[in-house]
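Below is one structure, written out as structure tokens; comments come after it.
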Amino acid sequence: MEQQVLSITQINEYIRARLDADPLLGSVAVRGEISNYKMYPSGHHYFTLKDEGGALKCVMFKSSAVRLRFRPENGMKVIAMGKISVFPRDGAYQLYCSAMDVDGIGDLHAAFEQLKAKLAGEGLFDPAHKKPLPKYPGVIGIVTSSAGAAVHDMLRILRKRYPLTQVRLFPVRVQGVEAPPEIVGAIRYANRFKLADLLIVGRGGGSIEDLWAFNDERVARAIYDSQIPVISAVGHEPDVTIADYVADLRAATPSNAAELGVPDQEALAQILDGYSVAMATSLSRQIKAGRQHLKALSDSAALRSPTGYLEQRRQSILLLKNRLLSAQSQSIERRRRRFVEQTAKLDAMSPLKVLTRGYAMAQKKDGTVLRSTSQVEIADEIAITVSDGRVTAMVTDVKENGK
């Protein structure tokens with residue numbers, strides 16, 4: 001019997017048909033660790049699952065990949081669901097993956113931790129970016145479902161605590177794939193037209209799937225970009241979402257958000273009562289001080305006896321005048337004594353004083369004092385000053401000492 005000869009394509013198609021007919025391989029779940037993970041611009045994901053004994057090539061097409069709620073990464077342990085088949089062109093079998101979960105913790109928890117780490121790295125949780133809440137908000141915007149119990153609880157508490165504030169409801173879906181874009185749109189709309197002084201964004205409790213809209217990256221970035229301060233109020237106290245980390249303030253529940261958003265009118269009334277008492281006490285103190293001052297003025301000498309007060313002032317002025325005159329006389333006497341002392345000193349140093357003792361001063365006609373025989377010649381006319389006058393003489397002889 002002649003052996004049948006098959007082409008490569010025929011062999012690959014035969015093997016694929018056999019694998020596709022196997023019910024176990026048609027719907028299989030495989031546990032392994034991701035390696036060589038790549039996502040192409042087409043949206044298809046290619047990776048390898050491996051364990052300690054082997055490896056399996058995998059592909060996840062875009063139509064399945066868009067349903068992933070976490071980002072696959074190398075080293076991540078997952079459970080991949082799909083079918084085993086052959087790619088005829090390469091003759092290699094692989095897992096055509098239709099769904100994937102993180103092994104052990106669940107895909108939602110993994111997605112939460114991944115987004116949390118990403119946004120924290122970008123600084124979206126930084127306390128420096130948190131805006132202070134207005135102390136007395138005039139308008140509060142509530143972004144939540146209009147049909148839930150949470151909105152009614154918030155309205156009731158806001159009316160009770162601070163009825164002066166106006167409330168604007170921005171009704172949105174808070175669950176499902178349509179919820180994130182609606183929440184984002186409401187936050188941006190309120191900011192664009194400055195419709196509130198404070199925003200409360202949230203919903204009542206539920207499962208992690210129910211609350212997932214508030215773990216959406218688009219919602220987180222809208223809260224971060226909001227110029228209006230935002231209180232996140234999602235679920236119950238144990239529930240924590242990405243919105244809680246990004247918001248300016250996290251409330252444990254929607255009711256708690258209403259309490260944090262406005263002051264308590266009863267507490268304000270007590271504060272105002274305290275201010276009223278303090279003002280009354282201060283006013284009473286001022287009136288008492290004014291009365292004491294008025295009494296002091298009415299008891300003063302000037303008002304009791306105006307003429308006596310004027311006489312007292314006259315005596316004070318007279319005393320001051322006498323003190324000024326005495327000080328002036330003492331100053332003049334000191335200056336007179338100093339003048340006499342200085343005059344005596346000048347008189348003692350005067351050249352005229354020397355002349356009274358028998359000395360004379362000789363000068364040339366131009367007034368130059370003669371100090372040497374070389375200054376005159378015979379027949380020069382000189383003036384001689386004595387104590388009681390002046391004598392004019394003519395030089396008849398000139399002799400130097402020792403000649």
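Chain labels follow the order of the structure tokens: the first chain is A, the next B, and so on; residue numbering restarts at 1 in every chain, and ligands are counted from 1 in their shown order.
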All alpha helix (DSSP H) residues (DSSP, backbone) inside stretch 131-217 of chain A, as a PyMOL selection string = chain A and resi 149-161+179-192+217
Could you write out, as a VMD selection string, all the residues of stretch 107-329 of chain A that DSSP marks as strand (DSSP E)?
-> chain A and resid 139 to 144 166 to 171 198 to 203 230 to 234 249 to 250
Using only N, CA and C atoms, please write the residues we just selected to a file, as a tab-separated table (two decimals), in the first residue's frame.
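Once written, out.tsv looks like this:
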```tsv
chain	number	residue	atom	x	y	z
A	139	VAL	N	-22.89	77.03	48.27
A	139	VAL	CA	-23.52	76.03	47.40
A	139	VAL	C	-22.70	74.75	47.49
A	140	ILE	N	-23.37	73.64	47.74
A	140	ILE	CA	-22.73	72.33	47.74
A	140	ILE	C	-23.29	71.52	46.59
A	141	GLY	N	-22.40	70.97	45.76
A	141	GLY	CA	-22.81	70.11	44.66
A	141	GLY	C	-22.62	68.65	45.05
A	142	ILE	N	-23.64	67.84	44.81
A	142	ILE	CA	-23.58	66.42	45.13
A	142	ILE	C	-23.61	65.63	43.83
A	143	VAL	N	-22.52	64.89	43.57
A	143	VAL	CA	-22.43	64.05	42.37
A	143	VAL	C	-22.70	62.61	42.80
A	144	THR	N	-23.90	62.14	42.54
A	144	THR	CA	-24.28	60.79	42.95
A	144	THR	C	-25.56	60.40	42.22
A	166	GLN	N	-27.07	76.11	49.90
A	166	GLN	CA	-27.91	75.64	48.79
A	166	GLN	C	-27.28	74.36	48.24
A	167	VAL	N	-28.12	73.39	47.88
A	167	VAL	CA	-27.63	72.10	47.40
A	167	VAL	C	-28.01	71.94	45.93
A	168	ARG	N	-27.01	71.56	45.11
A	168	ARG	CA	-27.25	71.26	43.70
A	168	ARG	C	-26.91	69.79	43.47
A	169	LEU	N	-27.86	69.05	42.94
A	169	LEU	CA	-27.65	67.63	42.67
A	169	LEU	C	-27.24	67.45	41.20
A	170	PHE	N	-26.15	66.72	41.00
A	170	PHE	CA	-25.71	66.35	39.66
A	170	PHE	C	-25.94	64.84	39.52
A	171	PRO	N	-27.11	64.43	39.03
A	171	PRO	CA	-27.45	62.99	39.00
A	171	PRO	C	-26.61	62.24	37.98
A	198	LEU	N	-18.30	73.59	46.93
A	198	LEU	CA	-17.79	72.32	47.43
A	198	LEU	C	-18.54	71.19	46.72
A	199	LEU	N	-17.81	70.13	46.37
A	199	LEU	CA	-18.43	68.97	45.72
A	199	LEU	C	-18.31	67.76	46.63
A	200	ILE	N	-19.41	66.99	46.73
A	200	ILE	CA	-19.39	65.69	47.40
A	200	ILE	C	-19.63	64.65	46.31
A	201	VAL	N	-18.66	63.74	46.14
A	201	VAL	CA	-18.73	62.74	45.08
A	201	VAL	C	-18.77	61.36	45.74
A	202	GLY	N	-19.80	60.58	45.45
A	202	GLY	CA	-19.83	59.26	46.06
A	202	GLY	C	-21.13	58.52	45.85
A	203	ARG	N	-21.32	57.48	46.67
A	203	ARG	CA	-22.50	56.63	46.61
A	203	ARG	C	-22.57	55.83	47.90
A	230	VAL	N	-13.13	68.79	46.75
A	230	VAL	CA	-13.95	67.59	46.61
A	230	VAL	C	-13.84	66.74	47.88
A	231	ILE	N	-15.01	66.31	48.38
A	231	ILE	CA	-15.07	65.30	49.44
A	231	ILE	C	-15.48	63.98	48.79
A	232	SER	N	-14.69	62.93	49.01
A	232	SER	CA	-15.05	61.61	48.49
A	232	SER	C	-15.86	60.88	49.55
A	233	ALA	N	-17.02	60.35	49.15
A	233	ALA	CA	-17.91	59.67	50.09
A	233	ALA	C	-18.45	58.41	49.43
A	234	VAL	N	-17.63	57.36	49.47
A	234	VAL	CA	-17.96	56.13	48.76
A	234	VAL	C	-18.14	54.99	49.74
A	249	LEU	N	-10.64	65.54	50.74
A	249	LEU	CA	-10.99	64.98	52.04
A	249	LEU	C	-11.79	63.70	51.81
A	250	ARG	N	-11.49	62.67	52.61
A	250	ARG	CA	-12.21	61.41	52.51
A	250	ARG	C	-13.20	61.31	53.67
```
Which one is closest to A:Tyr245: A:Pro163, A:Gly123, A:Gly82, A:Gly53? Count only C-alpha atoms.
->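 Using only C-alpha atoms, A:Tyr245 sits closest to A:Gly123.
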Write out as JSON, numbers by chain each polymer residue whose atoms come within 7 Å of A:Ala150, counting only C-alpha atoms; drop sequence neighbours fewer than 3 positions from it.
-> {"A": [153, 154, 203, 204, 254]}
For atom CA of A:Phe87 and atom CA of A:Asp22, the interatomic separation in Å (one decimal) =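 Taking atom CA of A:Phe87 and atom CA of A:Asp22, their separation equals 16.2 Å.
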Can you tell me, as a PyMOL selection string, what residues are no more than 10 Å from A:Ile8 when counting only C-alpha atoms, ignoring any on the same chain fewer than 2 positions away?
-> chain A and resi 5-6+10-14+88-91
What's the 10 Å shell around stretch 268-270 of chain A, counting only C-alpha atoms, without same-chain residues fewer than 5 positions away, as a PyMOL selection string?
-> chain A and resi 161-162+263+275-276
Mind pulling up the distance from atom CA of A:Asp51 to atom CA of A:Arg31?
-> 8.2 Å
When you draw a straight line from atom CA of A:Gly290 to atom CA of A:Ile271, how long is it in Å?
->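 Between atom CA of A:Gly290 and atom CA of A:Ile271 the gap is 28.3 Å.
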Quick one: of A:Gln227, A:Thr241, A:Ser42, A:Asn215, who's nearest to A:Gly176, counting only C-alpha atoms?
->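 For A:Gly176, the nearest of the given residues is A:Asn215.
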Using only C-alpha atoms, which of A:Asn401, A:Thr396, A:Gln3, A:Asn36 sits nearest A:Ser372?
-> A:Asn401
Set the distance at 12 Å and use only C-alpha atoms: which residues neighbour A:Lys116 once local chain neighbours fewer than 6 positions away are removed? I'd like the list as a PDB file with all heavy atoms, in the first residue's frame.
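And here's result-v3.pdb as it stands now:
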```
ATOM      1  N   PHE A  70      -7.146  44.685  34.921  1.00  0.00           N
ATOM      2  CA  PHE A  70      -5.812  44.952  35.459  1.00  0.00           C
ATOM      3  C   PHE A  70      -4.822  44.893  34.296  1.00  0.00           C
ATOM      4  O   PHE A  70      -5.158  44.466  33.190  1.00  0.00           O
ATOM      5  CB  PHE A  70      -5.430  43.936  36.544  1.00  0.00           C
ATOM      6  CG  PHE A  70      -5.244  42.525  36.032  1.00  0.00           C
ATOM      7  CD1 PHE A  70      -3.976  42.029  35.753  1.00  0.00           C
ATOM      8  CD2 PHE A  70      -6.343  41.698  35.819  1.00  0.00           C
ATOM      9  CE1 PHE A  70      -3.807  40.743  35.270  1.00  0.00           C
ATOM     10  CE2 PHE A  70      -6.170  40.400  35.350  1.00  0.00           C
ATOM     11  CZ  PHE A  70      -4.903  39.922  35.068  1.00  0.00           C
ATOM     12  N   HIS A 109      -8.641  43.476  42.695  1.00  0.00           N
ATOM     13  CA  HIS A 109      -7.664  43.906  43.703  1.00  0.00           C
ATOM     14  C   HIS A 109      -6.336  44.255  43.034  1.00  0.00           C
ATOM     15  O   HIS A 109      -5.701  45.255  43.386  1.00  0.00           O
ATOM     16  CB  HIS A 109      -7.460  42.800  44.735  1.00  0.00           C
ATOM     17  CG  HIS A 109      -6.495  43.162  45.818  1.00  0.00           C
ATOM     18  ND1 HIS A 109      -6.825  44.023  46.857  1.00  0.00           N
ATOM     19  CD2 HIS A 109      -5.190  42.813  46.015  1.00  0.00           C
ATOM     20  CE1 HIS A 109      -5.773  44.161  47.648  1.00  0.00           C
ATOM     21  NE2 HIS A 109      -4.769  43.444  47.150  1.00  0.00           N
ATOM     22  N   ALA A 110      -5.926  43.456  42.066  1.00  0.00           N
ATOM     23  CA  ALA A 110      -4.681  43.745  41.353  1.00  0.00           C
ATOM     24  C   ALA A 110      -4.778  45.068  40.601  1.00  0.00           C
ATOM     25  O   ALA A 110      -3.843  45.881  40.610  1.00  0.00           O
ATOM     26  CB  ALA A 110      -4.356  42.605  40.389  1.00  0.00           C
ATOM     27  N   GLU A 122       2.754  59.537  40.431  1.00  0.00           N
ATOM     28  CA  GLU A 122       2.578  60.811  39.730  1.00  0.00           C
ATOM     29  C   GLU A 122       2.281  61.968  40.685  1.00  0.00           C
ATOM     30  O   GLU A 122       2.174  63.116  40.254  1.00  0.00           O
ATOM     31  CB  GLU A 122       1.443  60.694  38.710  1.00  0.00           C
ATOM     32  CG  GLU A 122       1.737  59.729  37.582  1.00  0.00           C
ATOM     33  CD  GLU A 122       0.594  59.649  36.574  1.00  0.00           C
ATOM     34  OE1 GLU A 122      -0.226  60.597  36.546  1.00  0.00           O
ATOM     35  OE2 GLU A 122       0.518  58.659  35.822  1.00  0.00           O
ATOM     36  N   GLY A 123       2.105  61.664  41.978  1.00  0.00           N
ATOM     37  CA  GLY A 123       1.869  62.720  42.963  1.00  0.00           C
ATOM     38  C   GLY A 123       0.418  63.111  43.156  1.00  0.00           C
ATOM     39  O   GLY A 123       0.129  64.117  43.807  1.00  0.00           O
ATOM     40  N   LEU A 124      -0.523  62.311  42.646  1.00  0.00           N
ATOM     41  CA  LEU A 124      -1.937  62.673  42.778  1.00  0.00           C
ATOM     42  C   LEU A 124      -2.445  62.550  44.204  1.00  0.00           C
ATOM     43  O   LEU A 124      -3.490  63.117  44.546  1.00  0.00           O
ATOM     44  CB  LEU A 124      -2.804  61.809  41.851  1.00  0.00           C
ATOM     45  CG  LEU A 124      -3.051  62.390  40.442  1.00  0.00           C
ATOM     46  CD1 LEU A 124      -1.769  62.407  39.643  1.00  0.00           C
ATOM     47  CD2 LEU A 124      -4.129  61.613  39.708  1.00  0.00           C
ATOM     48  N   PHE A 125      -1.721  61.811  45.052  1.00  0.00           N
ATOM     49  CA  PHE A 125      -2.159  61.662  46.445  1.00  0.00           C
ATOM     50  C   PHE A 125      -1.409  62.608  47.383  1.00  0.00           C
ATOM     51  O   PHE A 125      -1.635  62.565  48.591  1.00  0.00           O
ATOM     52  CB  PHE A 125      -1.928  60.228  46.929  1.00  0.00           C
ATOM     53  CG  PHE A 125      -2.574  59.163  46.075  1.00  0.00           C
ATOM     54  CD1 PHE A 125      -2.129  57.850  46.139  1.00  0.00           C
ATOM     55  CD2 PHE A 125      -3.614  59.468  45.214  1.00  0.00           C
ATOM     56  CE1 PHE A 125      -2.715  56.858  45.361  1.00  0.00           C
ATOM     57  CE2 PHE A 125      -4.208  58.492  44.436  1.00  0.00           C
ATOM     58  CZ  PHE A 125      -3.758  57.179  44.498  1.00  0.00           C
ATOM     59  N   ASN A 215     -12.955  53.605  41.329  1.00  0.00           N
ATOM     60  CA  ASN A 215     -11.570  53.179  41.173  1.00  0.00           C
ATOM     61  C   ASN A 215     -11.093  53.395  39.747  1.00  0.00           C
ATOM     62  O   ASN A 215     -10.030  52.917  39.364  1.00  0.00           O
ATOM     63  CB  ASN A 215     -11.415  51.694  41.538  1.00  0.00           C
ATOM     64  CG  ASN A 215     -11.550  51.458  43.031  1.00  0.00           C
ATOM     65  OD1 ASN A 215     -11.064  52.252  43.827  1.00  0.00           O
ATOM     66  ND2 ASN A 215     -12.213  50.380  43.409  1.00  0.00           N
ATOM     67  N   ASP A 216     -11.887  54.107  38.976  1.00  0.00           N
ATOM     68  CA  ASP A 216     -11.561  54.378  37.578  1.00  0.00           C
ATOM     69  C   ASP A 216     -10.563  55.535  37.481  1.00  0.00           C
ATOM     70  O   ASP A 216     -10.699  56.550  38.165  1.00  0.00           O
ATOM     71  CB  ASP A 216     -12.841  54.716  36.805  1.00  0.00           C
ATOM     72  CG  ASP A 216     -12.601  54.754  35.305  1.00  0.00           C
ATOM     73  OD1 ASP A 216     -12.073  55.773  34.820  1.00  0.00           O
ATOM     74  OD2 ASP A 216     -12.946  53.771  34.639  1.00  0.00           O
ATOM     75  N   GLU A 217      -9.559  55.364  36.626  1.00  0.00           N
ATOM     76  CA  GLU A 217      -8.505  56.391  36.489  1.00  0.00           C
ATOM     77  C   GLU A 217      -9.078  57.715  36.000  1.00  0.00           C
ATOM     78  O   GLU A 217      -8.638  58.789  36.417  1.00  0.00           O
ATOM     79  CB  GLU A 217      -7.421  55.900  35.533  1.00  0.00           C
ATOM     80  CG  GLU A 217      -6.259  56.877  35.385  1.00  0.00           C
ATOM     81  CD  GLU A 217      -5.114  56.317  34.557  1.00  0.00           C
ATOM     82  OE1 GLU A 217      -5.159  55.111  34.207  1.00  0.00           O
ATOM     83  OE2 GLU A 217      -4.189  57.082  34.252  1.00  0.00           O
ATOM     84  N   ALA A 220     -10.528  59.515  38.946  1.00  0.00           N
ATOM     85  CA  ALA A 220      -9.458  60.001  39.819  1.00  0.00           C
ATOM     86  C   ALA A 220      -8.846  61.281  39.268  1.00  0.00           C
ATOM     87  O   ALA A 220      -8.616  62.259  40.008  1.00  0.00           O
ATOM     88  CB  ALA A 220      -8.392  58.926  39.981  1.00  0.00           C
ATOM     89  N   VAL A 240     -12.483  51.501  50.753  1.00  0.00           N
ATOM     90  CA  VAL A 240     -11.520  52.524  50.335  1.00  0.00           C
ATOM     91  C   VAL A 240     -11.365  52.427  48.826  1.00  0.00           C
ATOM     92  O   VAL A 240     -11.113  51.355  48.282  1.00  0.00           O
ATOM     93  CB  VAL A 240     -10.150  52.333  51.017  1.00  0.00           C
ATOM     94  CG1 VAL A 240      -9.184  53.416  50.549  1.00  0.00           C
ATOM     95  CG2 VAL A 240     -10.291  52.371  52.530  1.00  0.00           C
ATOM     96  N   THR A 241     -11.501  53.564  48.152  1.00  0.00           N
ATOM     97  CA  THR A 241     -11.374  53.606  46.698  1.00  0.00           C
ATOM     98  C   THR A 241     -10.267  54.578  46.307  1.00  0.00           C
ATOM     99  O   THR A 241      -9.780  55.368  47.123  1.00  0.00           O
ATOM    100  CB  THR A 241     -12.698  54.050  46.047  1.00  0.00           C
ATOM    101  OG1 THR A 241     -12.972  55.412  46.439  1.00  0.00           O
ATOM    102  CG2 THR A 241     -13.853  53.157  46.472  1.00  0.00           C
ATOM    103  N   ILE A 242      -9.907  54.540  45.034  1.00  0.00           N
ATOM    104  CA  ILE A 242      -8.904  55.472  44.517  1.00  0.00           C
ATOM    105  C   ILE A 242      -9.388  56.914  44.676  1.00  0.00           C
ATOM    106  O   ILE A 242      -8.603  57.826  44.960  1.00  0.00           O
ATOM    107  CB  ILE A 242      -8.609  55.169  43.034  1.00  0.00           C
ATOM    108  CG1 ILE A 242      -7.995  53.771  42.891  1.00  0.00           C
ATOM    109  CG2 ILE A 242      -7.694  56.219  42.435  1.00  0.00           C
ATOM    110  CD1 ILE A 242      -6.652  53.604  43.547  1.00  0.00           C
ATOM    111  N   ALA A 243     -10.695  57.133  44.518  1.00  0.00           N
ATOM    112  CA  ALA A 243     -11.250  58.483  44.683  1.00  0.00           C
ATOM    113  C   ALA A 243     -10.971  59.021  46.083  1.00  0.00           C
ATOM    114  O   ALA A 243     -10.751  60.221  46.266  1.00  0.00           O
ATOM    115  CB  ALA A 243     -12.751  58.461  44.414  1.00  0.00           C
ATOM    116  N   ASP A 244     -10.965  58.147  47.093  1.00  0.00           N
ATOM    117  CA  ASP A 244     -10.685  58.586  48.464  1.00  0.00           C
ATOM    118  C   ASP A 244      -9.268  59.144  48.588  1.00  0.00           C
ATOM    119  O   ASP A 244      -9.029  60.097  49.329  1.00  0.00           O
ATOM    120  CB  ASP A 244     -10.862  57.415  49.439  1.00  0.00           C
ATOM    121  CG  ASP A 244     -12.306  56.928  49.513  1.00  0.00           C
ATOM    122  OD1 ASP A 244     -13.203  57.757  49.348  1.00  0.00           O
ATOM    123  OD2 ASP A 244     -12.506  55.729  49.727  1.00  0.00           O
ATOM    124  N   TYR A 245      -8.318  58.516  47.893  1.00  0.00           N
ATOM    125  CA  TYR A 245      -6.924  58.960  47.973  1.00  0.00           C
ATOM    126  C   TYR A 245      -6.712  60.297  47.251  1.00  0.00           C
ATOM    127  O   TYR A 245      -5.891  61.118  47.668  1.00  0.00           O
ATOM    128  CB  TYR A 245      -5.996  57.914  47.364  1.00  0.00           C
ATOM    129  CG  TYR A 245      -5.885  56.644  48.175  1.00  0.00           C
ATOM    130  CD1 TYR A 245      -6.504  55.472  47.756  1.00  0.00           C
ATOM    131  CD2 TYR A 245      -5.152  56.611  49.357  1.00  0.00           C
ATOM    132  CE1 TYR A 245      -6.400  54.310  48.500  1.00  0.00           C
ATOM    133  CE2 TYR A 245      -5.044  55.449  50.103  1.00  0.00           C
ATOM    134  CZ  TYR A 245      -5.675  54.293  49.669  1.00  0.00           C
ATOM    135  OH  TYR A 245      -5.574  53.151  50.412  1.00  0.00           O
ATOM    136  N   VAL A 246      -7.439  60.510  46.156  1.00  0.00           N
ATOM    137  CA  VAL A 246      -7.224  61.714  45.350  1.00  0.00           C
ATOM    138  C   VAL A 246      -7.978  62.920  45.908  1.00  0.00           C
ATOM    139  O   VAL A 246      -7.513  64.058  45.799  1.00  0.00           O
ATOM    140  CB  VAL A 246      -7.648  61.461  43.884  1.00  0.00           C
ATOM    141  CG1 VAL A 246      -7.359  62.684  43.018  1.00  0.00           C
ATOM    142  CG2 VAL A 246      -6.920  60.253  43.333  1.00  0.00           C
TER     143      VAL A 246
END
```
